[in-house]
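**Student:** Provided herewith is a single structure, encoded as structure tokens, for subsequent inquiry.
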Amino acid sequence: MSSKSRRARTALVAGTVIALAGGLAACQGQSLEDKGGKDSGGSKGEIVVGSAGFTESKILAEIYSKILNDAGYRARVQTLANRELYEPALEEGQIDVVPEYASTLAEFLNAKKNGPKAKPVASSDIDKTVTALKKLAAPHGLKVLAAGRATDQNAFAVSKEFAAKHKLKTLSDLGRSKQRITLASGEECETRVFCKPGLEKTYGIDIARLDPRGVGSPQAKQAVKDGTDQLVLTTTTDATLDNFGLVLLKDDKKLQNADNVLPVVNAKSAGAKEIETALSKLTSTLTTEDLINLNRKVDAERLKPADVAQTYLESKGLLKK
């Protein structure tokens, strides 16, 4: 996301979209200049940073917001459950910037354009993936900024006891075990190529049903720990697997593509060079190890994403003020 944590039921989606449209109507489709330029307080204008509903996205959104505030904008965070909600809002200028994952967004836009069975455009080659992403994003009015070193792939975990009982180290092992699996994940896993369809096609895993508890949520991991479910969709930067007695199964056939973190902005409302420059300072600094540590501080140490973001930026000397 990654990709991550989509729990939208029809009524909830409709209510969320209506609320979003009403709450952010003032900035819809407008450039910073249209929003009024510098306000009486000297701000360069408002920037709405979108966040998905999982820990890492919330932390990154807070980091983006604080960097943009430091650059002179009035930035705030708007959290939406999943990409199915925030990507259209980004296109419309209801939100202006989102921390994204190159391969996952590329395939999301690929499916949006060419259908769910479209030939994949993402790969382990980040340069080719970003090139494909930019081509898909541009017609939607989106500008893809440079990718950094930090990556976060989707991953699947089982309990240590389940792994020991069935001699599992890889996803191929799980397929060969012929166990019928209940998978704790987001609802979108049903159609995402990296999730249920990919696990079935690439690894021959027998997925009886999905349990929509979210991506890597405490509830999802607890369900696997308790044996209610057998497999959970999480990420390679999940810092709390040991707390639940879980272990990742190796993606030995490389179903997942490397997902480098990168900012994606609405080209009209947030395409200014100084916004790109401000966010690029973070992108060039952030590492995968940083993501793991940031997630641990929120998920394991129970600190607030905004506080974790502030401490990180100060420690890296990324704030002028």
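Every chain in the structure tokens takes a letter, A first, then B, and so on in the order presented; its residues are numbered from 1, and the ligands are numbered from 1 following the presented order.
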Could you list, as number ranges by chain, every residue within 10 Å of His140 (chain A), counting only C-alpha atoms and ignoring same-chain residues fewer than 6 positions away?
**Tutor:** A: 87-88, 90-92, 109, 266-267
**Student:** Need to verify the contact set: region 204-215 of chain A, 8 Å, only C-alpha atoms, exclusion of same-chain residues closer than 2 positions in sequence. Can you return it as a PyMOL selection string?
**Tutor:** chain A and resi 4-7+54+172+174-176+178-187+189-190+196+199-202+217+219-220+229+232-234
**Student:** List every residue of region 239-295 of chain A that DSSP, applied to the backbone of this structure, assigns to helix (DSSP H, G or I), and report them as a PyMOL selection string.
**Tutor:** chain A and resi 242-244+267-270+273-285+288-295
**Student:** In Å, rounded to a single decimal, give me how far CA of Lys273 (chain A) is from CA of Ala306 (chain A).
**Tutor:**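 That distance, rounded to one decimal, is 25.3 Å.
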**Student:** Per residue of region 121-150 of chain A within 9 Å of region 100-103 of chain A, which atom pair is closest and at what distance in Å (one decimal), using only C-alpha atoms, listed by chain and increasing number, as CSV?
**Tutor:**
```
residue,atom,partner,partner_atom,distance
A:Val121,CA,A:Ser103,CA,8.2
A:Ala122,CA,A:Ser103,CA,5.1
A:Ser123,CA,A:Ser103,CA,7.0
A:Ser124,CA,A:Ser103,CA,8.5
A:Ile126,CA,A:Ala102,CA,7.7
A:Thr129,CA,A:Ser103,CA,6.4
A:Val130,CA,A:Ala102,CA,6.3
A:Leu133,CA,A:Ala102,CA,7.1
A:Ala147,CA,A:Ala102,CA,7.6
```
**Student:** Could you go through region 139-205 of chain A and tell me which residues DSSP, when run on the backbone, assigns to strand (DSSP E or B), listing them as a list in words?
**Tutor:** Leu142, Lys143, Val144, Thr151, Asn154, Ala155, Phe156, Ala157, Val158, Ser159, Thr170, Arg180, Ile181, Thr182, Leu183, Ala184 and Ser185 of chain A
**Student:** Counting only C-alpha atoms, which of A:Asp242, A:Thr55, A:Arg192, A:Asn257 gets nearest to Asp152 (chain A)?
**Tutor:**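 Comparing A:Asp242, A:Thr55, A:Arg192, A:Asn257 against Asp152 (chain A), the winner is A:Asn257.
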**Student:** With only C-alpha atoms as the counted atoms, please give the residues lying no more than 10 Å from region 298-303 of chain A, apart from itself and same-chain residues fewer than 4 positions off, as a PyMOL selection string.
**Tutor:** chain A and resi 55-56+58-59+217-218+238-240+243+293-294+307-308
**Student:** What lies within 6 Å of Ser159 (chain A) using only C-alpha atoms, ignoring chain neighbours under 2 positions off, as a ChimeraX atom specification?
**Tutor:** /A:161-162,225,245-246
**Student:** Identify which of the residues A:Lys134, A:Lys169, A:Glu274, A:Ser280 lies closest to Gly72 (chain A), counting only C-alpha atoms when measuring atom-to-atom distances.
**Tutor:** A:Glu274
**Student:** Select, from A:Ala111, A:Ile95, A:Ala278, A:Ala157, the residue with the minimum atom-to-atom distance to Gln222 (chain A), counting only C-alpha atoms.
**Tutor:**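 Closest to Gln222 (chain A) of all the choices is A:Ala157.
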**Student:** Excluding Gln78 (chain A) and its own-chain neighbours fewer than 2 positions away, which residues fall within 12 Å of it when counting only C-alpha atoms? Please give them as an MDAnalysis selection string.
**Tutor:** chainID A and resid 16 19:21 23:24 47:53 57:58 61:62 64:65 75:76 80:82 85:86 89:90 94:98
**Student:** Choose the residue, out of A:Leu318, A:Ala223, A:Cys195, A:Ala155, that has the smallest atom-to-atom separation from Asp251 (chain A); count only C-alpha atoms.
**Tutor:**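 Smallest separation from Asp251 (chain A) among the options: A:Ala155.
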